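File shown: protein30.cif (mmCIF, C-alpha atoms).
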data_my_file
loop_
_atom_site.label_atom_id
_atom_site.label_comp_id
_atom_site.auth_asym_id
_atom_site.auth_seq_id
_atom_site.Cartn_x
_atom_site.Cartn_y
_atom_site.Cartn_z
CA MET A 219 -52.60 -4.71 -2.94
CA ALA A 220 -49.96 -4.83 -0.24
CA THR A 221 -46.65 -6.43 -1.11
CA LEU A 222 -44.47 -8.15 1.45
CA LEU A 223 -40.85 -9.01 0.73
CA VAL A 224 -39.92 -12.12 2.67
CA ALA A 225 -36.26 -12.52 3.48
CA ALA A 226 -36.18 -16.22 2.77
CA VAL A 227 -33.01 -16.94 0.89
CA PHE A 228 -31.91 -20.34 -0.35
CA GLY A 229 -28.57 -19.92 -2.06
CA TRP A 230 -29.26 -16.87 -4.20
CA ALA A 231 -33.04 -17.44 -4.32
CA SER A 232 -35.26 -14.77 -2.88
CA TYR A 233 -39.02 -14.88 -2.57
CA ARG A 234 -41.49 -12.10 -3.07
CA LEU A 235 -44.96 -12.78 -1.66
CA THR A 236 -47.93 -10.63 -2.48
CA VAL A 237 -50.91 -10.67 -0.17
CA ARG A 238 -54.04 -9.42 -1.89
CA HIS A 239 -56.48 -7.30 0.06
CA PRO A 240 -59.80 -5.86 -1.16
CA ALA A 241 -59.19 -3.93 -4.33
CA THR A 242 -58.51 -0.25 -4.11
CA LYS A 243 -58.39 2.22 -6.94
CA THR A 244 -54.89 2.47 -8.35
CA PRO A 245 -53.76 6.10 -8.63
CA ALA A 246 -52.59 7.39 -11.97
CA PRO A 247 -48.81 7.38 -12.44
CA ALA A 248 -47.24 10.59 -11.20
CA ALA A 249 -46.19 12.97 -13.93
CA ALA A 250 -42.46 12.84 -14.58
CA PRO A 251 -40.28 15.51 -16.16
CA ARG A 252 -40.40 15.25 -19.93
CA PRO A 253 -37.21 13.39 -21.03
CA ALA A 254 -35.01 15.29 -23.43
CA ALA A 255 -34.08 13.58 -26.69
CA GLN A 256 -30.76 13.51 -28.46
CA THR A 257 -30.28 13.68 -32.20
CA THR A 258 -27.47 11.67 -33.72
CA PRO A 259 -25.86 12.64 -37.03
CA GLY A 260 -27.73 11.05 -39.91
CA SER A 261 -30.64 9.83 -37.74
CA GLN A 262 -34.24 10.14 -38.90
CA GLY A 263 -35.42 11.57 -35.60
CA PRO A 264 -34.70 11.92 -31.89
CA VAL A 265 -32.87 9.13 -30.07
CA TYR A 266 -33.98 8.63 -26.46
CA TYR A 267 -32.10 5.36 -25.85
CA SER A 268 -30.25 2.71 -27.79
CA ASN A 269 -29.15 -0.93 -27.55
CA GLU A 270 -32.12 -1.86 -25.38
CA VAL A 271 -35.78 -2.76 -25.81
CA VAL A 272 -38.79 -1.73 -23.75
CA VAL A 273 -41.43 -4.47 -23.90
CA LEU A 274 -45.05 -3.39 -23.44
CA MET A 275 -47.71 -5.68 -21.97
CA TYR A 276 -51.39 -5.30 -22.82
CA HIS A 277 -54.41 -7.48 -22.11
CA ASP A 278 -57.78 -6.26 -23.34
CA ILE A 279 -59.20 -3.35 -25.35
CA SER A 280 -62.81 -2.27 -25.05
CA ALA A 281 -64.97 0.74 -25.85
CA THR A 282 -67.12 -0.10 -22.82
CA LYS A 283 -65.90 -0.08 -19.24
CA LYS A 284 -64.55 -3.39 -17.91
CA PRO A 285 -62.70 -4.33 -14.73
CA GLY A 286 -58.95 -4.82 -14.76
CA ASP A 287 -56.27 -3.77 -17.20
CA VAL A 288 -58.42 -2.66 -20.11
CA ILE A 289 -57.83 0.36 -22.35
CA THR A 290 -60.01 1.98 -24.98
CA PRO A 291 -59.52 1.66 -28.76
CA GLN A 292 -58.93 5.40 -28.89
CA THR A 293 -56.10 5.15 -26.36
CA PHE A 294 -54.35 2.33 -28.21
CA ALA A 295 -54.70 4.11 -31.55
CA ALA A 296 -53.29 7.31 -30.04
CA GLU A 297 -50.34 5.39 -28.57
CA LEU A 298 -49.44 3.82 -31.91
CA ALA A 299 -49.69 7.20 -33.62
CA LEU A 300 -47.49 8.81 -30.98
CA PHE A 301 -44.90 6.02 -31.20
CA GLN A 302 -44.59 6.74 -34.90
CA LYS A 303 -44.49 10.49 -34.43
CA LYS A 304 -41.85 10.29 -31.67
CA ASN A 305 -39.53 7.99 -33.67
CA PHE A 306 -40.05 4.75 -31.74
CA HIS A 307 -39.31 1.56 -33.64
CA ILE A 308 -41.63 -1.39 -33.01
CA ILE A 309 -39.74 -4.67 -33.32
CA SER A 310 -40.84 -8.29 -33.70
CA ASP A 311 -40.18 -11.12 -31.27
CA ARG A 312 -37.72 -12.62 -33.80
CA LYS A 313 -35.68 -9.42 -33.71
CA MET A 314 -35.83 -9.52 -29.92
CA ALA A 315 -34.64 -13.14 -29.91
CA ALA A 316 -31.66 -12.27 -32.09
CA PHE A 317 -30.85 -9.31 -29.83
CA VAL A 318 -31.00 -11.42 -26.65
CA ASP A 319 -28.88 -14.12 -28.29
CA HIS A 320 -26.30 -11.49 -29.39
CA ASN A 321 -26.98 -12.39 -33.03
CA GLY A 322 -28.48 -9.07 -34.05
CA THR A 323 -28.98 -5.44 -33.16
CA VAL A 324 -32.06 -3.35 -32.51
CA PRO A 325 -32.81 0.18 -33.73
CA PRO A 326 -32.78 3.16 -31.38
CA ASN A 327 -35.94 3.66 -29.31
CA ALA A 328 -36.87 -0.02 -29.75
CA VAL A 329 -40.24 -1.13 -28.39
CA MET A 330 -41.88 -4.57 -28.50
CA ILE A 331 -45.66 -4.89 -28.20
CA THR A 332 -47.15 -7.95 -26.45
CA PHE A 333 -50.70 -8.96 -25.58
CA ASP A 334 -51.52 -11.64 -23.00
CA ASN A 335 -54.27 -14.26 -22.63
CA GLY A 336 -55.80 -14.13 -26.12
CA TYR A 337 -58.95 -12.01 -25.89
CA GLU A 338 -61.04 -11.59 -29.04
CA SER A 339 -60.64 -7.81 -28.81
CA PHE A 340 -57.11 -8.28 -30.08
CA TYR A 341 -58.44 -9.53 -33.43
CA ARG A 342 -61.32 -7.07 -33.61
CA ILE A 343 -59.56 -3.89 -32.42
CA ALA A 344 -55.80 -4.19 -31.94
CA TYR A 345 -54.98 -6.19 -35.05
CA PRO A 346 -56.52 -3.69 -37.55
CA LEU A 347 -54.70 -0.83 -35.84
CA LEU A 348 -51.40 -2.69 -35.87
CA LYS A 349 -51.88 -3.36 -39.60
CA GLN A 350 -52.62 0.32 -40.18
CA TYR A 351 -49.29 1.33 -38.63
CA HIS A 352 -47.40 -1.76 -39.92
CA ASP A 353 -46.40 -2.59 -36.34
CA PRO A 354 -45.61 -6.21 -35.38
CA ALA A 355 -46.85 -7.66 -32.11
CA THR A 356 -46.61 -10.87 -30.12
CA LEU A 357 -49.73 -12.56 -28.79
CA PHE A 358 -49.35 -14.96 -25.85
CA VAL A 359 -52.39 -17.24 -25.83
CA ILE A 360 -53.80 -19.51 -23.15
CA VAL A 361 -54.23 -22.43 -25.53
CA SER A 362 -57.03 -24.23 -23.65
CA TRP A 363 -59.23 -21.17 -24.13
CA LEU A 364 -59.38 -22.01 -27.85
CA TYR A 365 -61.07 -25.41 -27.17
CA PRO A 366 -63.85 -24.30 -27.60
CA PRO A 367 -63.44 -20.51 -27.57
CA TYR A 368 -63.60 -19.29 -23.97
CA ARG A 369 -66.70 -17.28 -23.06
CA HIS A 370 -66.75 -15.79 -19.60
CA GLY A 371 -68.84 -12.72 -19.00
CA VAL A 372 -67.34 -9.71 -20.74
CA PHE A 373 -64.04 -11.47 -21.54
CA ASN A 374 -64.14 -13.67 -24.64
CA SER A 375 -61.27 -15.49 -26.31
CA LEU A 376 -60.04 -15.74 -29.86
CA THR A 377 -60.87 -18.63 -32.17
CA TRP A 378 -58.35 -20.80 -34.00
CA ASP A 379 -59.44 -19.32 -37.33
CA GLN A 380 -58.68 -15.81 -36.07
CA VAL A 381 -55.34 -16.91 -34.64
CA ARG A 382 -54.32 -18.56 -37.92
CA GLU A 383 -55.34 -15.55 -39.98
CA MET A 384 -53.26 -13.18 -37.86
CA TYR A 385 -50.26 -15.50 -37.88
CA GLN A 386 -50.43 -15.87 -41.66
CA SER A 387 -50.34 -12.08 -42.05
CA GLY A 388 -46.68 -12.18 -41.00
CA LEU A 389 -47.30 -9.31 -38.60
CA ILE A 390 -48.42 -11.22 -35.51
CA SER A 391 -46.34 -13.83 -33.70
CA ILE A 392 -48.38 -16.40 -31.75
CA GLN A 393 -46.67 -17.72 -28.65
CA SER A 394 -47.63 -19.58 -25.48
CA GLN A 395 -49.05 -18.66 -22.11
CA THR A 396 -49.32 -22.37 -21.24
CA TYR A 397 -52.21 -24.68 -22.02
CA ASP A 398 -54.19 -24.29 -18.80
CA LEU A 399 -51.89 -23.04 -16.02
CA HIS A 400 -53.30 -19.51 -15.90
CA GLN A 401 -55.30 -20.27 -12.77
CA ALA A 402 -54.80 -20.57 -9.03
CA VAL A 403 -54.20 -23.79 -7.11
CA GLN A 404 -54.35 -24.36 -3.38
CA VAL A 405 -50.87 -24.49 -1.84
CA GLY A 406 -51.82 -24.39 1.83
CA PRO A 407 -54.79 -24.30 4.22
CA ASP A 408 -55.50 -20.66 3.39
CA ALA A 409 -53.26 -19.92 0.42
CA THR A 410 -53.27 -20.19 -3.35
CA SER A 411 -50.75 -19.40 -6.06
CA ALA A 412 -50.37 -19.78 -9.81
CA ALA A 413 -50.74 -23.36 -11.04
CA SER A 414 -47.50 -22.92 -12.99
CA VAL A 415 -45.35 -22.38 -9.89
CA GLY A 416 -47.41 -23.68 -6.98
CA ARG A 417 -47.13 -27.23 -5.70
CA ILE A 418 -50.69 -28.36 -5.01
CA TRP A 419 -51.72 -28.98 -1.39
CA ASN A 420 -54.28 -31.72 -0.73
CA PRO A 421 -56.63 -30.68 2.09
CA ALA A 422 -57.79 -34.28 2.60
CA THR A 423 -54.30 -35.58 3.36
CA GLY A 424 -52.49 -32.39 4.30
CA GLN A 425 -49.75 -33.33 1.86
CA THR A 426 -48.07 -31.16 -0.78
CA GLU A 427 -47.46 -32.32 -4.31
CA SER A 428 -44.00 -33.84 -4.77
CA LEU A 429 -41.45 -32.04 -6.89
CA ASP A 430 -41.45 -34.91 -9.39
CA HIS A 431 -45.25 -34.77 -9.72
CA TYR A 432 -45.14 -31.00 -10.09
CA ARG A 433 -42.58 -31.28 -12.90
CA SER A 434 -44.65 -33.95 -14.64
CA ARG A 435 -47.93 -31.97 -14.37
CA VAL A 436 -46.50 -28.65 -15.49
CA GLY A 437 -44.24 -30.21 -18.12
CA ALA A 438 -47.17 -31.99 -19.76
CA ASP A 439 -49.14 -28.74 -19.90
CA VAL A 440 -46.47 -26.54 -21.50
CA ALA A 441 -45.46 -29.27 -23.95
CA LYS A 442 -49.10 -29.68 -25.01
CA ALA A 443 -49.47 -25.93 -25.56
CA ARG A 444 -46.38 -25.79 -27.74
CA GLN A 445 -47.30 -28.89 -29.75
CA LEU A 446 -50.83 -27.62 -30.45
CA LEU A 447 -49.60 -24.19 -31.55
CA GLN A 448 -47.02 -25.78 -33.83
CA ALA A 449 -49.62 -28.14 -35.33
CA GLN A 450 -52.26 -25.45 -35.87
CA LEU A 451 -49.89 -22.83 -37.25
CA GLY A 452 -47.24 -24.95 -38.93
CA GLU A 453 -44.80 -22.85 -36.93
CA PRO A 454 -41.57 -24.40 -35.68
CA ASP A 455 -40.58 -21.26 -33.77
CA VAL A 456 -43.02 -21.55 -30.87
CA ASP A 457 -40.19 -20.90 -28.45
CA SER A 458 -41.48 -18.05 -26.27
CA LEU A 459 -43.77 -17.98 -23.27
CA CYS A 460 -45.03 -15.40 -20.84
CA TYR A 461 -45.25 -16.56 -17.26
CA PRO A 462 -48.84 -16.82 -15.96
CA PHE A 463 -49.32 -13.91 -13.56
CA GLY A 464 -45.65 -13.11 -14.20
CA ASP A 465 -44.49 -15.66 -11.60
CA TYR A 466 -41.47 -17.90 -12.08
CA THR A 467 -39.18 -20.28 -10.19
CA PRO A 468 -35.99 -22.16 -11.12
CA GLU A 469 -38.05 -25.37 -11.25
CA PHE A 470 -40.56 -23.88 -13.70
CA ILE A 471 -37.78 -22.48 -15.88
CA GLN A 472 -36.13 -25.91 -16.04
CA VAL A 473 -39.41 -27.49 -17.14
CA LEU A 474 -39.86 -24.83 -19.84
CA HIS A 475 -36.35 -25.33 -21.18
CA ALA A 476 -36.97 -29.08 -21.41
CA ALA A 477 -40.18 -28.42 -23.38
CA GLY A 478 -38.35 -26.25 -25.92
CA TYR A 479 -39.05 -22.71 -24.71
CA ARG A 480 -36.10 -20.31 -24.91
CA TYR A 481 -37.48 -16.78 -24.39
CA LEU A 482 -39.45 -16.24 -21.21
CA TYR A 483 -41.30 -13.01 -20.41
CA THR A 484 -42.29 -11.79 -16.98
CA ALA A 485 -44.39 -8.85 -15.85
CA LYS A 486 -43.14 -8.38 -12.32
CA ILE A 487 -40.15 -6.13 -12.94
CA GLY A 488 -40.57 -2.98 -15.00
CA ARG A 489 -37.23 -2.70 -16.75
CA ALA A 490 -35.92 -2.60 -20.29
CA VAL A 491 -34.26 -5.60 -21.91
CA LEU A 492 -30.51 -5.03 -22.29
CA PRO A 493 -27.81 -7.19 -23.89
CA THR A 494 -27.05 -8.39 -20.35
CA THR A 495 -30.65 -9.51 -19.68
CA SER A 496 -31.22 -13.25 -19.30
CA PRO A 497 -33.71 -14.77 -21.77
CA ASP A 498 -35.28 -16.44 -18.71
CA THR A 499 -36.52 -13.08 -17.38
CA LEU A 500 -37.36 -10.74 -20.23
CA PHE A 501 -38.83 -7.73 -18.49
CA ARG A 502 -42.03 -5.93 -19.47
CA ILE A 503 -43.97 -2.90 -18.28
CA ASN A 504 -47.73 -2.94 -17.82
CA SER A 505 -48.78 -0.48 -20.50
CA GLY A 506 -52.34 -1.81 -20.62
CA THR A 507 -53.58 0.04 -17.56
CA PRO A 508 -56.18 2.78 -18.11
CA ASN A 509 -54.13 5.07 -15.86
CA TYR A 510 -51.72 5.94 -18.68
CA THR A 511 -52.22 8.69 -21.21
CA PRO A 512 -50.37 8.16 -24.51
CA GLN A 513 -47.83 10.85 -23.61
CA GLY A 514 -47.52 9.43 -20.10
CA LEU A 515 -46.70 6.03 -21.57
CA VAL A 516 -44.07 7.54 -23.87
CA ASP A 517 -42.47 9.32 -20.92
CA THR A 518 -42.51 6.08 -18.91
CA ILE A 519 -40.89 4.11 -21.75
CA ILE A 520 -38.05 6.62 -21.98
CA GLY A 521 -37.65 6.82 -18.21
CA VAL A 522 -37.57 3.02 -17.82
CA ALA A 523 -35.01 2.65 -20.61
CA ARG A 524 -32.70 5.28 -19.19
CA ALA A 525 -32.97 3.96 -15.63
CA SER A 526 -32.22 0.43 -16.85
CA ALA A 527 -29.15 1.63 -18.77
CA ARG A 528 -27.74 3.00 -15.52
CA THR A 529 -27.90 -0.46 -13.88
CA PRO A 530 -26.84 -2.92 -16.60
CA SER A 531 -25.63 -5.52 -14.10
CA TYR A 532 -29.00 -5.80 -12.34
CA LYS A 533 -29.98 -9.38 -11.52
CA PRO A 534 -33.64 -10.14 -10.81
CA PRO A 535 -34.73 -12.51 -8.04
CA GLN A 536 -34.29 -16.16 -8.94
CA ARG A 537 -37.76 -16.84 -7.65
CA PHE A 538 -40.82 -14.63 -7.86
CA VAL A 539 -44.00 -16.17 -6.45
CA GLU A 540 -47.24 -14.55 -5.39
CA VAL A 541 -49.24 -16.19 -2.63
CA TRP A 542 -52.87 -15.12 -2.36
CA HIS A 543 -54.91 -15.28 0.85
#

Would you mind writing the structure in this file as C-alpha cells?
Amino acid sequence: MATLLVAAVFGWASYRLTVRHPATKTPAPAAAPRPAAQTTPGSQGPVYYSNEVVVLMYHDISATKKPGDVITPQTFAAELALFQKKNFHIISDRKMAAFVDHNGTVPPNAVMITFDNGYESFYRIAYPLLKQYHDPATLFVIVSWLYPPYRHGVFNSLTWDQVREMYQSGLISIQSQTYDLHQAVQVGPDATSAASVGRIWNPATGQTESLDHYRSRVGADVAKARQLLQAQLGEPDVDSLCYPFGDYTPEFIQVLHAAGYRYLYTAKIGRAVLPTTSPDTLFRINSGTPNYTPQGLVDTIIGVARASARTPSYKPPQRFVEVWH
C-alpha cells in the first residue's frame, strides 16, 4: 500500500488519500529497545505510563490461516497473560468515556481492548479468554451482519443470541460500526471510498450525491444501528462508534453527533488517548496483525504511550479519507 498525502487544505482540513496497489507482505515491526519501567511508592507493580490509555484494535482470531488481520488463539491468550504479568490494567469503555469527559481517572498502564466488525470468533475464542482473565472489552458490530448472520467464506458473523449473552455478562460492551456503511461506494469514474464518508457518484449522469442527500443516507443508517442495538440489548448507552475503515470527515462527525454518538474511534493514527484527546478521534493501534509477538505488542504499547505523552497538544487531521483505485 502506498500512501499519498495531498496538500489540499480547506480551512484547517487536510486530506490523506491512500492508493491501494497489489498487496505485498507487510514486514514485521522492527524490534525496539525494551522500555524501562518505573516503580512508584505503594504501587503493585511497574508503571510505564500514566494518565493515558492505549486502545487496541483486533478483528478476527483463528487457529487456521486466513487473509488479513487475523491472529491465533494462542497469541491472544499469551497477550492477555502478559498484560496481567506486566501490570497492565484493562479498562472498560465506560471508564474511557469518563476519562475523556474529565469525569474520572484511569489506572497506570491503562489499556482498552476493542474488536471490530463482529466475527463469530469473538464469541467462540476471545470471549472465553477475556472471562478467564476478567478483562472487559468493547465489540463494535456491523449491525446488518446480524440480519441474518453474515456468512462469507471464512469470515462469519455473530448472532443476536451470542451478542445478548456477552452483553448480559457485564464484561462486554456492544457498540456500533454502523448498520451497513462498512463497504465501498463509487465516488468517481475510477475511484471508491467508504460509504460512510464518500458521496456517491452516479456513472449514468456523472453527478455526485448532494451533501443533503449524503447526510440523509448516512444519518438514517447510523440511527438505525443505534436504535436496533438499544432495542435488542435494552442498553441506553449505545453512544460509541468506530469509523468504518477508520475514515472520518467533519460532515460524518456532525451526522453521528445528531444520531446520539459521543465517543468515536479511529484506526488511522497510532497514538494513546490523553486528557487532551477529542472524543471525535479516539486513537487506536492495530494490535490484531499477525506480525506482533506478545512481547512486541507490549513494547509497542509502552512506546506509543510515551511518544504520545511527549506531544500532548497534537491535533489530528480534520478529515481522513481513503480513496481506492

Rank nothing, just name the residue among A:Gln302, A:Ser310, A:Pro508, A:Ile471 nearest to Ala281 (chain A), using all atoms listed in the file.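 Ranking A:Gln302, A:Ser310, A:Pro508, A:Ile471 by distance to Ala281 (chain A), first place goes to A:Pro508.
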
Residue with smallest distance to Val361 (chain A) - pool A:Val539, A:Leu347, A:Val436, A:Ala443, counting all atoms listed in the file: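 For Val361 (chain A), the nearest of the candidates is A:Ala443.
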
Would you kindly translate the PyMOL selection byres ((chain A and resi 296) around 12) into the concrete residues it picks from this file, as a ChimeraX atom specification? /A:289-295,297-304,344,347-348,351,510-516

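The two atoms in question, CA of Phe538 (chain A) and CA of Trp363 (chain A), are spaced 25.4 Å apart.
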
I'd like to see the residues matched by the PyMOL selection byres ((chain A and resi 448) around 12) on this file, and ideally I'd get them as a PDB file with C-alpha atoms, in the frame of the given file.
ATOM      1  CA  VAL A 361     -54.230 -22.430 -25.530  1.00  0.00           C
ATOM      2  CA  ARG A 382     -54.320 -18.560 -37.920  1.00  0.00           C
ATOM      3  CA  TYR A 385     -50.260 -15.500 -37.880  1.00  0.00           C
ATOM      4  CA  SER A 391     -46.340 -13.830 -33.700  1.00  0.00           C
ATOM      5  CA  ILE A 392     -48.380 -16.400 -31.750  1.00  0.00           C
ATOM      6  CA  GLN A 393     -46.670 -17.720 -28.650  1.00  0.00           C
ATOM      7  CA  SER A 394     -47.630 -19.580 -25.480  1.00  0.00           C
ATOM      8  CA  ALA A 441     -45.460 -29.270 -23.950  1.00  0.00           C
ATOM      9  CA  LYS A 442     -49.100 -29.680 -25.010  1.00  0.00           C
ATOM     10  CA  ALA A 443     -49.470 -25.930 -25.560  1.00  0.00           C
ATOM     11  CA  ARG A 444     -46.380 -25.790 -27.740  1.00  0.00           C
ATOM     12  CA  GLN A 445     -47.300 -28.890 -29.750  1.00  0.00           C
ATOM     13  CA  LEU A 446     -50.830 -27.620 -30.450  1.00  0.00           C
ATOM     14  CA  LEU A 447     -49.600 -24.190 -31.550  1.00  0.00           C
ATOM     15  CA  ALA A 449     -49.620 -28.140 -35.330  1.00  0.00           C
ATOM     16  CA  GLN A 450     -52.260 -25.450 -35.870  1.00  0.00           C
ATOM     17  CA  LEU A 451     -49.890 -22.830 -37.250  1.00  0.00           C
ATOM     18  CA  GLY A 452     -47.240 -24.950 -38.930  1.00  0.00           C
ATOM     19  CA  GLU A 453     -44.800 -22.850 -36.930  1.00  0.00           C
ATOM     20  CA  PRO A 454     -41.570 -24.400 -35.680  1.00  0.00           C
ATOM     21  CA  ASP A 455     -40.580 -21.260 -33.770  1.00  0.00           C
ATOM     22  CA  VAL A 456     -43.020 -21.550 -30.870  1.00  0.00           C
ATOM     23  CA  ASP A 457     -40.190 -20.900 -28.450  1.00  0.00           C
ATOM     24  CA  GLY A 478     -38.350 -26.250 -25.920  1.00  0.00           C
TER      25      GLY A 478
END

Length of the CA of Arg480 (chain A) to CA of Ile520 (chain A) vector [Å]: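 For CA of Arg480 (chain A) relative to CA of Ile520 (chain A), the distance reads 27.2 Å.
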
For each of A:Thr356, A:Ser458, A:Thr529, A:Gln404, take the minimum atom-to-atom distance to Thr426 (chain A), counting only C-alpha atoms, then give the residue where this is smallest.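 Closest to Thr426 (chain A) of all the choices is A:Gln404.
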
Show me, as a list in words, the residues that have an atom within 6 Å of region 267-279 of chain A when counting only C-alpha atoms, minus same-chain residues fewer than 4 positions from it.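 That gives Val288, Ile289, Thr290, Pro326, Asn327, Ala328, Val329, Met330, Ile331, Thr332, Phe333, Asp334, Ser339, Ala490, Val491, Leu492, Arg502, Ile503, Asn504, Ser505 and Gly506 of chain A.
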
Cut-off 10 Å: closest region 433-461 of chain A/region 413-425 of chain A atom pairs per residue, using only C-alpha atoms, as a tab-separated table:
residue	atom	partner	partner_atom	distance
A:Arg433	CA	A:Arg417	CA	9.4
A:Arg435	CA	A:Ser414	CA	9.2
A:Val436	CA	A:Ser414	CA	6.3
A:Gly437	CA	A:Ser414	CA	9.5
A:Asp439	CA	A:Ser414	CA	9.2
A:Val440	CA	A:Ser414	CA	9.3
A:Tyr461	CA	A:Ser414	CA	8.0

Model the absent atoms of region 261-277 of chain A so that N, CA and C atoms are present, and write the result as a PDB file, in the frame of the given file.
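Contents of rebuild.pdb, freshly written:
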ATOM      1  N   SER A 261     -29.455  10.539 -38.218  1.00  0.00           N
ATOM      2  CA  SER A 261     -30.640   9.830 -37.740  1.00  0.00           C
ATOM      3  C   SER A 261     -31.880  10.449 -38.350  1.00  0.00           C
ATOM      4  N   GLN A 262     -32.977   9.684 -38.345  1.00  0.00           N
ATOM      5  CA  GLN A 262     -34.240  10.140 -38.900  1.00  0.00           C
ATOM      6  C   GLN A 262     -35.101  10.855 -37.869  1.00  0.00           C
ATOM      7  N   GLY A 263     -34.635  10.944 -36.650  1.00  0.00           N
ATOM      8  CA  GLY A 263     -35.420  11.570 -35.600  1.00  0.00           C
ATOM      9  C   GLY A 263     -34.689  11.490 -34.280  1.00  0.00           C
ATOM     10  N   PRO A 264     -35.355  11.912 -33.199  1.00  0.00           N
ATOM     11  CA  PRO A 264     -34.700  11.920 -31.890  1.00  0.00           C
ATOM     12  C   PRO A 264     -34.383  10.511 -31.395  1.00  0.00           C
ATOM     13  N   VAL A 265     -33.278  10.392 -30.681  1.00  0.00           N
ATOM     14  CA  VAL A 265     -32.870   9.130 -30.070  1.00  0.00           C
ATOM     15  C   VAL A 265     -32.939   9.307 -28.559  1.00  0.00           C
ATOM     16  N   TYR A 266     -33.820   8.556 -27.913  1.00  0.00           N
ATOM     17  CA  TYR A 266     -33.980   8.630 -26.460  1.00  0.00           C
ATOM     18  C   TYR A 266     -33.108   7.589 -25.757  1.00  0.00           C
ATOM     19  N   TYR A 267     -32.935   6.432 -26.405  1.00  0.00           N
ATOM     20  CA  TYR A 267     -32.100   5.360 -25.850  1.00  0.00           C
ATOM     21  C   TYR A 267     -31.708   4.434 -26.990  1.00  0.00           C
ATOM     22  N   SER A 268     -30.707   3.628 -26.755  1.00  0.00           N
ATOM     23  CA  SER A 268     -30.250   2.710 -27.790  1.00  0.00           C
ATOM     24  C   SER A 268     -29.733   1.429 -27.158  1.00  0.00           C
ATOM     25  N   ASN A 269     -29.665   0.378 -27.962  1.00  0.00           N
ATOM     26  CA  ASN A 269     -29.150  -0.930 -27.550  1.00  0.00           C
ATOM     27  C   ASN A 269     -29.933  -1.506 -26.373  1.00  0.00           C
ATOM     28  N   GLU A 270     -31.221  -1.261 -26.362  1.00  0.00           N
ATOM     29  CA  GLU A 270     -32.120  -1.860 -25.380  1.00  0.00           C
ATOM     30  C   GLU A 270     -33.531  -1.829 -25.946  1.00  0.00           C
ATOM     31  N   VAL A 271     -34.401  -2.649 -25.339  1.00  0.00           N
ATOM     32  CA  VAL A 271     -35.780  -2.760 -25.810  1.00  0.00           C
ATOM     33  C   VAL A 271     -36.709  -2.627 -24.613  1.00  0.00           C
ATOM     34  N   VAL A 272     -37.731  -1.798 -24.751  1.00  0.00           N
ATOM     35  CA  VAL A 272     -38.790  -1.730 -23.750  1.00  0.00           C
ATOM     36  C   VAL A 272     -39.960  -2.554 -24.268  1.00  0.00           C
ATOM     37  N   VAL A 273     -40.355  -3.566 -23.496  1.00  0.00           N
ATOM     38  CA  VAL A 273     -41.430  -4.470 -23.900  1.00  0.00           C
ATOM     39  C   VAL A 273     -42.717  -4.040 -23.190  1.00  0.00           C
ATOM     40  N   LEU A 274     -43.757  -3.816 -23.971  1.00  0.00           N
ATOM     41  CA  LEU A 274     -45.050  -3.390 -23.440  1.00  0.00           C
ATOM     42  C   LEU A 274     -45.981  -4.588 -23.299  1.00  0.00           C
ATOM     43  N   MET A 275     -46.744  -4.601 -22.223  1.00  0.00           N
ATOM     44  CA  MET A 275     -47.710  -5.680 -21.970  1.00  0.00           C
ATOM     45  C   MET A 275     -49.123  -5.106 -21.934  1.00  0.00           C
ATOM     46  N   TYR A 276     -49.977  -5.636 -22.799  1.00  0.00           N
ATOM     47  CA  TYR A 276     -51.390  -5.300 -22.820  1.00  0.00           C
ATOM     48  C   TYR A 276     -52.218  -6.560 -22.577  1.00  0.00           C
ATOM     49  N   HIS A 277     -53.487  -6.358 -22.245  1.00  0.00           N
ATOM     50  CA  HIS A 277     -54.410  -7.480 -22.110  1.00  0.00           C
ATOM     51  C   HIS A 277     -55.629  -7.304 -23.012  1.00  0.00           C
TER      52      HIS A 277
END
